[in-house]
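*Asks:* structure15.txt is reproduced in full below (compact mmCIF, N, CA, C and O atoms).
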```txt
# COMPACT_ATOMS: atom_id res chain seq x y z
N MET A 723 103.00 125.43 91.61
CA MET A 723 102.71 125.86 92.96
C MET A 723 103.51 127.11 93.32
O MET A 723 103.27 127.72 94.34
N ALA A 724 104.44 127.50 92.47
CA ALA A 724 105.29 128.66 92.76
C ALA A 724 104.51 129.96 92.85
O ALA A 724 104.98 130.91 93.46
N ASP A 725 103.32 130.01 92.26
CA ASP A 725 102.54 131.25 92.30
C ASP A 725 101.59 131.28 93.51
O ASP A 725 100.76 132.16 93.62
N THR A 726 101.73 130.35 94.43
CA THR A 726 100.89 130.31 95.62
C THR A 726 101.16 131.54 96.49
O THR A 726 102.31 131.88 96.75
N VAL A 727 100.09 132.17 96.92
CA VAL A 727 100.20 133.33 97.80
C VAL A 727 99.77 132.89 99.19
O VAL A 727 98.64 132.48 99.40
N PHE A 728 100.71 132.96 100.13
CA PHE A 728 100.44 132.57 101.51
C PHE A 728 100.16 133.80 102.34
O PHE A 728 100.67 134.89 102.05
N PRO A 729 99.39 133.66 103.41
CA PRO A 729 99.17 134.79 104.31
C PRO A 729 100.51 135.26 104.89
O PRO A 729 101.38 134.43 105.20
N PRO A 730 100.70 136.56 105.02
CA PRO A 730 101.98 137.09 105.52
C PRO A 730 102.38 136.54 106.88
O PRO A 730 103.55 136.27 107.12
N ASP A 731 101.41 136.33 107.78
CA ASP A 731 101.76 135.82 109.10
C ASP A 731 102.25 134.38 109.04
O ASP A 731 103.11 133.97 109.83
N LEU A 732 101.77 133.62 108.07
CA LEU A 732 102.23 132.24 107.90
C LEU A 732 103.67 132.21 107.38
O LEU A 732 104.51 131.46 107.88
N VAL A 733 103.96 133.05 106.41
CA VAL A 733 105.33 133.13 105.87
C VAL A 733 106.28 133.63 106.96
O VAL A 733 107.39 133.09 107.12
N GLN A 734 105.85 134.61 107.73
CA GLN A 734 106.69 135.14 108.81
C GLN A 734 106.99 134.06 109.86
O GLN A 734 108.12 133.93 110.31
N ALA A 735 105.98 133.28 110.21
CA ALA A 735 106.19 132.21 111.19
C ALA A 735 107.18 131.18 110.66
O ALA A 735 108.04 130.70 111.40
N GLN A 736 107.08 130.86 109.36
CA GLN A 736 108.01 129.89 108.78
C GLN A 736 109.43 130.45 108.76
O GLN A 736 110.39 129.74 109.05
N ARG A 737 109.56 131.73 108.44
CA ARG A 737 110.89 132.36 108.46
C ARG A 737 111.48 132.35 109.86
O ARG A 737 112.66 132.05 110.05
N GLU A 738 110.65 132.66 110.86
CA GLU A 738 111.12 132.63 112.25
C GLU A 738 111.53 131.22 112.65
O GLU A 738 112.51 131.03 113.38
N TRP A 739 110.79 130.21 112.17
CA TRP A 739 111.12 128.83 112.47
C TRP A 739 112.51 128.50 111.93
O TRP A 739 113.33 127.93 112.64
N HIS A 740 112.78 128.88 110.68
CA HIS A 740 114.10 128.62 110.07
C HIS A 740 115.22 129.33 110.85
O HIS A 740 116.27 128.75 111.10
N ARG A 741 114.98 130.59 111.20
CA ARG A 741 116.00 131.34 111.96
C ARG A 741 116.25 130.70 113.33
O ARG A 741 117.40 130.60 113.76
N THR A 742 115.19 130.31 114.00
CA THR A 742 115.33 129.69 115.32
C THR A 742 116.07 128.37 115.22
O THR A 742 116.93 128.06 116.05
N TYR A 743 115.76 127.59 114.21
CA TYR A 743 116.44 126.31 114.01
C TYR A 743 117.93 126.52 113.78
O TYR A 743 118.77 125.81 114.34
N ALA A 744 118.27 127.52 112.97
CA ALA A 744 119.68 127.83 112.72
C ALA A 744 120.38 128.29 114.00
O ALA A 744 121.52 127.91 114.26
N ARG A 745 119.69 129.08 114.81
CA ARG A 745 120.27 129.53 116.08
C ARG A 745 120.49 128.36 117.02
O ARG A 745 121.48 128.31 117.75
N LEU A 746 119.57 127.39 117.02
CA LEU A 746 119.72 126.22 117.88
C LEU A 746 120.99 125.46 117.52
O LEU A 746 121.72 125.00 118.40
N ALA A 747 121.26 125.36 116.23
CA ALA A 747 122.48 124.68 115.79
C ALA A 747 123.73 125.46 116.19
O ALA A 747 124.76 124.87 116.52
N ALA A 748 123.64 126.79 116.17
CA ALA A 748 124.81 127.63 116.43
C ALA A 748 125.00 127.95 117.91
O ALA A 748 126.12 128.26 118.33
N GLU A 749 123.94 127.91 118.71
CA GLU A 749 124.01 128.32 120.11
C GLU A 749 123.47 127.22 121.03
O GLU A 749 122.40 127.37 121.62
N PRO A 750 124.18 126.13 121.19
CA PRO A 750 123.68 125.04 122.04
C PRO A 750 123.48 125.44 123.50
O PRO A 750 122.72 124.80 124.22
N ALA A 751 124.11 126.50 123.94
CA ALA A 751 123.95 126.95 125.33
C ALA A 751 122.52 127.40 125.61
O ALA A 751 122.07 127.38 126.76
N HIS A 752 121.81 127.83 124.59
CA HIS A 752 120.42 128.30 124.74
C HIS A 752 119.42 127.27 124.24
O HIS A 752 118.32 127.62 123.82
N ALA A 753 119.79 126.02 124.26
CA ALA A 753 118.99 124.96 123.65
C ALA A 753 117.56 124.89 124.19
O ALA A 753 116.61 124.78 123.43
N ALA A 754 117.38 124.96 125.50
CA ALA A 754 116.04 124.82 126.07
C ALA A 754 115.11 125.93 125.58
O ALA A 754 113.99 125.66 125.15
N LEU A 755 115.61 127.14 125.63
CA LEU A 755 114.80 128.28 125.17
C LEU A 755 114.46 128.16 123.69
O LEU A 755 113.31 128.37 123.29
N LEU A 756 115.44 127.82 122.89
CA LEU A 756 115.22 127.73 121.45
C LEU A 756 114.32 126.55 121.08
O LEU A 756 113.50 126.65 120.17
N ARG A 757 114.42 125.45 121.81
CA ARG A 757 113.53 124.32 121.55
C ARG A 757 112.09 124.67 121.87
O ARG A 757 111.17 124.29 121.16
N ARG A 758 111.89 125.40 122.96
CA ARG A 758 110.52 125.85 123.30
C ARG A 758 109.97 126.76 122.21
O ARG A 758 108.81 126.67 121.82
N ARG A 759 110.82 127.63 121.71
CA ARG A 759 110.41 128.54 120.62
C ARG A 759 110.05 127.74 119.38
O ARG A 759 109.06 128.02 118.71
N LEU A 760 110.86 126.74 119.03
CA LEU A 760 110.56 125.90 117.87
C LEU A 760 109.24 125.16 118.04
O LEU A 760 108.46 125.06 117.09
N LEU A 761 108.99 124.67 119.23
CA LEU A 761 107.74 123.96 119.49
C LEU A 761 106.55 124.90 119.31
O LEU A 761 105.56 124.55 118.67
N TRP A 762 106.65 126.09 119.87
CA TRP A 762 105.58 127.07 119.75
C TRP A 762 105.35 127.45 118.28
O TRP A 762 104.20 127.49 117.81
N LEU A 763 106.43 127.71 117.55
CA LEU A 763 106.31 128.07 116.13
C LEU A 763 105.75 126.90 115.31
O LEU A 763 104.93 127.10 114.41
N SER A 764 106.17 125.69 115.63
CA SER A 764 105.67 124.51 114.92
C SER A 764 104.16 124.37 115.09
O SER A 764 103.44 124.09 114.12
N ALA A 765 103.69 124.57 116.31
CA ALA A 765 102.25 124.50 116.55
C ALA A 765 101.52 125.61 115.81
O ALA A 765 100.46 125.38 115.21
N ARG A 766 102.09 126.79 115.82
CA ARG A 766 101.48 127.93 115.11
C ARG A 766 101.39 127.65 113.61
O ARG A 766 100.38 127.94 112.97
N LEU A 767 102.44 127.07 113.05
CA LEU A 767 102.45 126.72 111.63
C LEU A 767 101.45 125.61 111.33
O LEU A 767 100.68 125.68 110.36
N PHE A 768 101.46 124.57 112.15
CA PHE A 768 100.63 123.41 111.89
C PHE A 768 99.14 123.73 111.95
O PHE A 768 98.35 123.24 111.15
N TRP A 769 98.75 124.57 112.91
CA TRP A 769 97.32 124.86 113.11
C TRP A 769 96.85 126.14 112.42
O TRP A 769 95.73 126.59 112.65
N HIS A 770 97.64 126.72 111.57
CA HIS A 770 97.23 127.95 110.89
C HIS A 770 95.97 127.69 110.06
O HIS A 770 95.86 126.66 109.39
N PRO A 771 95.02 128.61 110.07
CA PRO A 771 93.76 128.43 109.33
C PRO A 771 93.94 128.25 107.82
O PRO A 771 93.07 127.68 107.15
N TYR A 772 95.05 128.70 107.27
CA TYR A 772 95.28 128.56 105.83
C TYR A 772 95.18 127.11 105.38
O TYR A 772 94.72 126.81 104.28
N TRP A 773 95.63 126.18 106.23
CA TRP A 773 95.66 124.77 105.84
C TRP A 773 94.26 124.17 105.70
O TRP A 773 94.12 123.09 105.15
N ARG A 774 93.24 124.88 106.16
CA ARG A 774 91.86 124.41 106.00
C ARG A 774 91.22 124.90 104.70
O ARG A 774 90.10 124.54 104.39
N THR A 775 91.93 125.74 103.95
CA THR A 775 91.41 126.23 102.68
C THR A 775 91.78 125.25 101.57
O THR A 775 92.64 124.39 101.75
N ALA A 776 91.12 125.38 100.43
CA ALA A 776 91.38 124.46 99.31
C ALA A 776 92.86 124.45 98.89
O ALA A 776 93.44 123.38 98.76
N PRO A 777 93.49 125.62 98.68
CA PRO A 777 94.90 125.57 98.27
C PRO A 777 95.81 125.00 99.35
O PRO A 777 96.85 124.41 99.05
N GLY A 778 95.44 125.14 100.60
CA GLY A 778 96.28 124.67 101.69
C GLY A 778 96.19 123.18 101.94
O GLY A 778 96.99 122.63 102.67
N ARG A 779 95.22 122.52 101.34
CA ARG A 779 95.05 121.08 101.59
C ARG A 779 96.07 120.22 100.87
O ARG A 779 96.26 119.07 101.20
N SER A 780 96.74 120.78 99.90
CA SER A 780 97.73 120.03 99.15
C SER A 780 99.02 119.88 99.96
O SER A 780 99.52 120.87 100.52
N PRO A 781 99.58 118.67 100.04
CA PRO A 781 100.86 118.51 100.74
C PRO A 781 101.96 119.38 100.11
O PRO A 781 102.88 119.83 100.80
N ALA A 782 101.85 119.63 98.83
CA ALA A 782 102.85 120.46 98.16
C ALA A 782 102.83 121.90 98.68
O ALA A 782 103.83 122.60 98.59
N ALA A 783 101.71 122.33 99.24
CA ALA A 783 101.61 123.70 99.75
C ALA A 783 102.59 123.92 100.90
O ALA A 783 103.22 124.97 101.00
N ARG A 784 102.74 122.93 101.78
CA ARG A 784 103.67 123.07 102.90
C ARG A 784 105.11 123.14 102.41
O ARG A 784 105.93 123.90 102.93
N VAL A 785 105.42 122.36 101.39
CA VAL A 785 106.76 122.39 100.80
C VAL A 785 107.01 123.75 100.17
O VAL A 785 108.08 124.35 100.33
N GLU A 786 106.02 124.26 99.46
CA GLU A 786 106.15 125.57 98.81
C GLU A 786 106.32 126.68 99.84
O GLU A 786 107.09 127.62 99.63
N LEU A 787 105.61 126.59 100.95
CA LEU A 787 105.77 127.59 102.01
C LEU A 787 107.21 127.63 102.50
O LEU A 787 107.81 128.69 102.61
N ARG A 788 107.78 126.46 102.76
CA ARG A 788 109.18 126.42 103.22
C ARG A 788 110.11 126.99 102.15
O ARG A 788 111.06 127.71 102.46
N ARG A 789 109.87 126.65 100.88
CA ARG A 789 110.71 127.15 99.80
C ARG A 789 110.63 128.68 99.72
O ARG A 789 111.65 129.35 99.63
N GLN A 790 109.42 129.22 99.78
CA GLN A 790 109.27 130.67 99.69
C GLN A 790 109.89 131.37 100.90
O GLN A 790 110.50 132.43 100.76
N ALA A 791 109.73 130.79 102.07
CA ALA A 791 110.31 131.42 103.27
C ALA A 791 111.83 131.44 103.18
O ALA A 791 112.47 132.43 103.54
N ARG A 792 112.43 130.37 102.67
CA ARG A 792 113.88 130.34 102.50
C ARG A 792 114.32 131.35 101.44
O ARG A 792 115.37 131.97 101.58
N ALA A 793 113.54 131.49 100.39
CA ALA A 793 113.89 132.42 99.31
C ALA A 793 113.89 133.85 99.81
O ALA A 793 114.73 134.66 99.42
N VAL A 794 112.97 134.18 100.71
CA VAL A 794 112.92 135.52 101.27
C VAL A 794 114.14 135.76 102.16
O VAL A 794 114.72 136.84 102.15
N GLN A 795 114.56 134.74 102.89
CA GLN A 795 115.72 134.88 103.77
C GLN A 795 117.02 134.93 102.98
O GLN A 795 117.94 135.64 103.35
N ASN A 796 117.11 134.14 101.92
CA ASN A 796 118.35 134.04 101.16
C ASN A 796 118.02 134.11 99.67
O ASN A 796 117.97 133.08 99.01
N PRO A 797 117.79 135.30 99.13
CA PRO A 797 117.36 135.43 97.74
C PRO A 797 118.33 134.82 96.73
O PRO A 797 117.92 134.38 95.68
N ARG A 798 119.60 134.77 97.04
CA ARG A 798 120.57 134.21 96.10
C ARG A 798 120.39 132.71 95.90
O ARG A 798 120.76 132.18 94.86
N SER A 799 119.82 132.01 96.89
CA SER A 799 119.66 130.57 96.77
C SER A 799 118.64 130.17 95.72
O SER A 799 118.63 129.05 95.26
N GLU A 800 117.78 131.09 95.31
CA GLU A 800 116.75 130.78 94.34
C GLU A 800 117.15 131.12 92.91
O GLU A 800 116.44 130.82 91.98
N ARG A 801 118.27 131.80 92.75
CA ARG A 801 118.71 132.17 91.39
C ARG A 801 119.29 130.95 90.68
O ARG A 801 120.05 130.20 91.27
N PRO A 802 118.94 130.77 89.41
CA PRO A 802 119.51 129.63 88.68
C PRO A 802 121.00 129.81 88.45
O PRO A 802 121.48 130.92 88.25
N GLY A 803 121.74 128.68 88.47
CA GLY A 803 123.15 128.54 88.22
C GLY A 803 123.93 129.74 88.11
O GLY A 803 124.92 130.13 87.96
```
How would this structure read if it were set down as structure tokens?
*Replies:*
Amino acid sequence: MADTVFPPDLVQAQREWHRTYARLAAEPAHAALLRRRLLWLSARLFWHPYWRTAPGRSPAARVELRRQARAVQNPRSERPG
């Protein structure tokens, strides 16, 4: 599944979700705003048209999307040992 190509807007939304989640952990003073953002991004991710395509129907596709989004944010985390 590592060769899966996701639409750029889907990968971007997943990256934004990860960043927002990290900010929520680091900035509890802005919790309400960040939670609303997470909810909006979650809905955007969940209802993306990609999931209605054949490659998107696999549960592994959602896992791969998260893995690829993290790899783009932190390229060193994907390098072997």
*Asks:* Excluding Phe728 of chain A and residues on its chain fewer than 6 positions from it, collect all residues at most 8 Å away from it, counting all atoms listed in the file, and give them as a PDB file with N, CA, C and O atoms, keeping the file's coordinate frame.
*Replies:*
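Everything below was put into selection.pdb:
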```pdb
ATOM      1  N   GLN A 734     105.850 134.610 107.730  1.00  0.00           N
ATOM      2  CA  GLN A 734     106.690 135.140 108.810  1.00  0.00           C
ATOM      3  C   GLN A 734     106.990 134.060 109.860  1.00  0.00           C
ATOM      4  O   GLN A 734     108.120 133.930 110.310  1.00  0.00           O
ATOM      5  N   TYR A 772      95.050 128.700 107.270  1.00  0.00           N
ATOM      6  CA  TYR A 772      95.280 128.560 105.830  1.00  0.00           C
ATOM      7  C   TYR A 772      95.180 127.110 105.380  1.00  0.00           C
ATOM      8  O   TYR A 772      94.720 126.810 104.280  1.00  0.00           O
ATOM      9  N   LEU A 787     105.610 126.590 100.950  1.00  0.00           N
ATOM     10  CA  LEU A 787     105.770 127.590 102.010  1.00  0.00           C
ATOM     11  C   LEU A 787     107.210 127.630 102.500  1.00  0.00           C
ATOM     12  O   LEU A 787     107.810 128.690 102.610  1.00  0.00           O
TER      13      LEU A 787
END
```
*Asks:* To one decimal in Å, tell me the separation between atom CA of Tyr743 of chain A and atom CA of Arg774 of chain A.
*Replies:*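 Between atom CA of Tyr743 of chain A and atom CA of Arg774 of chain A the gap is 25.9 Å.
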*Asks:* What's the separation between atom CA of Arg789 of chain A and atom O of Thr726 of chain A, in Å to one decimal place?
*Replies:*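 Computing the Euclidean distance for atom CA of Arg789 of chain A and atom O of Thr726 of chain A yields 10.1 Å.
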*Asks:* Can you work out the spacing between atom CA of Ala753 of chain A and atom CA of Trp739 of chain A in Å, to one decimal?
*Replies:* 14.2 Å
*Asks:* Looking at A:Pro750, A:Pro730, A:Leu767, A:Leu756, which one is nearest to Arg784 of chain A, with distances taken over only C-alpha atoms?
*Replies:*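 Looking at the shortest contact to Arg784 of chain A, the residue is A:Leu767.
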*Asks:* Report, as lines of an AutoDock Vina configuration file, the axis-aligned box around all atoms of segment 777-784 of chain A present in the file, extended by 3 Å on each side; give centre and edge lengths in Å to one decimal place.
*Replies:*
```
center_x = 99.7
center_y = 122.1
center_z = 100.5
size_x = 18.4
size_y = 13.1
size_z = 10.8
```
*Asks:* Determine which residues of segment 746-776 of chain A DSSP labels as alpha helix (DSSP H) from the backbone of this structure, then write them out as number ranges by chain.
*Replies:* A: 746-748, 753-768
*Asks:* Please, could all heavy atoms be added to segment 771-782 of chain A and the result written as a CSV table (one decimal), keeping the file's coordinate frame?
*Replies:*
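For reference, selection-v9.csv as written:
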```
chain,number,residue,atom,x,y,z
A,771,PRO,N,95.0,128.6,110.1
A,771,PRO,CA,93.8,128.4,109.3
A,771,PRO,C,93.9,128.2,107.8
A,771,PRO,O,93.1,127.7,107.2
A,771,PRO,CB,93.0,129.7,109.6
A,771,PRO,CG,93.6,130.3,110.8
A,771,PRO,CD,95.0,129.8,110.9
A,772,TYR,N,95.0,128.7,107.3
A,772,TYR,CA,95.3,128.6,105.8
A,772,TYR,C,95.2,127.1,105.4
A,772,TYR,O,94.7,126.8,104.3
A,772,TYR,CB,96.6,129.1,105.4
A,772,TYR,CG,97.0,128.9,104.0
A,772,TYR,CD1,96.4,129.7,103.0
A,772,TYR,CD2,97.8,127.9,103.6
A,772,TYR,CE1,96.7,129.5,101.7
A,772,TYR,CE2,98.1,127.7,102.3
A,772,TYR,CZ,97.5,128.5,101.3
A,772,TYR,OH,97.8,128.3,100.0
A,773,TRP,N,95.6,126.2,106.2
A,773,TRP,CA,95.7,124.8,105.8
A,773,TRP,C,94.3,124.2,105.7
A,773,TRP,O,94.1,123.1,105.2
A,773,TRP,CB,96.5,124.0,106.8
A,773,TRP,CG,97.9,124.5,107.0
A,773,TRP,CD1,98.5,124.9,108.1
A,773,TRP,CD2,98.8,124.8,105.9
A,773,TRP,NE1,99.7,125.4,107.9
A,773,TRP,CE2,100.0,125.3,106.5
A,773,TRP,CE3,98.9,124.6,104.6
A,773,TRP,CZ2,101.1,125.7,105.8
A,773,TRP,CZ3,100.0,124.9,103.8
A,773,TRP,CH2,101.1,125.5,104.5
A,774,ARG,N,93.2,124.9,106.2
A,774,ARG,CA,91.9,124.4,106.0
A,774,ARG,C,91.2,124.9,104.7
A,774,ARG,O,90.1,124.5,104.4
A,774,ARG,CB,91.0,124.8,107.2
A,774,ARG,CG,91.3,124.0,108.4
A,774,ARG,CD,90.6,124.4,109.6
A,774,ARG,NE,91.4,125.5,110.2
A,774,ARG,CZ,91.2,126.2,111.3
A,774,ARG,NH1,90.0,126.0,111.9
A,774,ARG,NH2,92.0,127.0,111.8
A,775,THR,N,91.9,125.7,104.0
A,775,THR,CA,91.4,126.2,102.7
A,775,THR,C,91.8,125.2,101.6
A,775,THR,O,92.6,124.4,101.8
A,775,THR,CB,92.0,127.6,102.3
A,775,THR,OG1,93.4,127.5,102.1
A,775,THR,CG2,91.7,128.6,103.4
A,776,ALA,N,91.1,125.4,100.4
A,776,ALA,CA,91.4,124.5,99.3
A,776,ALA,C,92.9,124.4,98.9
A,776,ALA,O,93.4,123.4,98.8
A,776,ALA,CB,90.5,124.8,98.1
A,777,PRO,N,93.5,125.6,98.7
A,777,PRO,CA,94.9,125.6,98.3
A,777,PRO,C,95.8,125.0,99.4
A,777,PRO,O,96.8,124.4,99.0
A,777,PRO,CB,95.3,127.0,98.0
A,777,PRO,CG,94.0,127.8,98.1
A,777,PRO,CD,93.0,127.0,98.7
A,778,GLY,N,95.4,125.1,100.6
A,778,GLY,CA,96.3,124.7,101.7
A,778,GLY,C,96.2,123.2,101.9
A,778,GLY,O,97.0,122.6,102.7
A,779,ARG,N,95.2,122.5,101.3
A,779,ARG,CA,95.0,121.1,101.6
A,779,ARG,C,96.1,120.2,100.9
A,779,ARG,O,96.3,119.1,101.2
A,779,ARG,CB,93.6,120.7,101.2
A,779,ARG,CG,92.6,121.2,102.1
A,779,ARG,CD,91.3,120.5,101.9
A,779,ARG,NE,90.3,121.2,102.7
A,779,ARG,CZ,89.3,122.0,102.3
A,779,ARG,NH1,89.2,122.2,101.0
A,779,ARG,NH2,88.5,122.6,103.1
A,780,SER,N,96.7,120.8,99.9
A,780,SER,CA,97.7,120.0,99.2
A,780,SER,C,99.0,119.9,100.0
A,780,SER,O,99.5,120.9,100.5
A,780,SER,CB,98.0,120.8,97.8
A,780,SER,OG,99.2,120.3,97.3
A,781,PRO,N,99.6,118.7,100.0
A,781,PRO,CA,100.9,118.5,100.7
A,781,PRO,C,102.0,119.4,100.1
A,781,PRO,O,102.9,119.8,100.8
A,781,PRO,CB,101.2,117.0,100.6
A,781,PRO,CG,99.9,116.4,100.3
A,781,PRO,CD,99.0,117.4,99.6
A,782,ALA,N,101.8,119.6,98.8
A,782,ALA,CA,102.8,120.5,98.2
A,782,ALA,C,102.8,121.9,98.7
A,782,ALA,O,103.8,122.6,98.6
A,782,ALA,CB,102.6,120.4,96.7
```
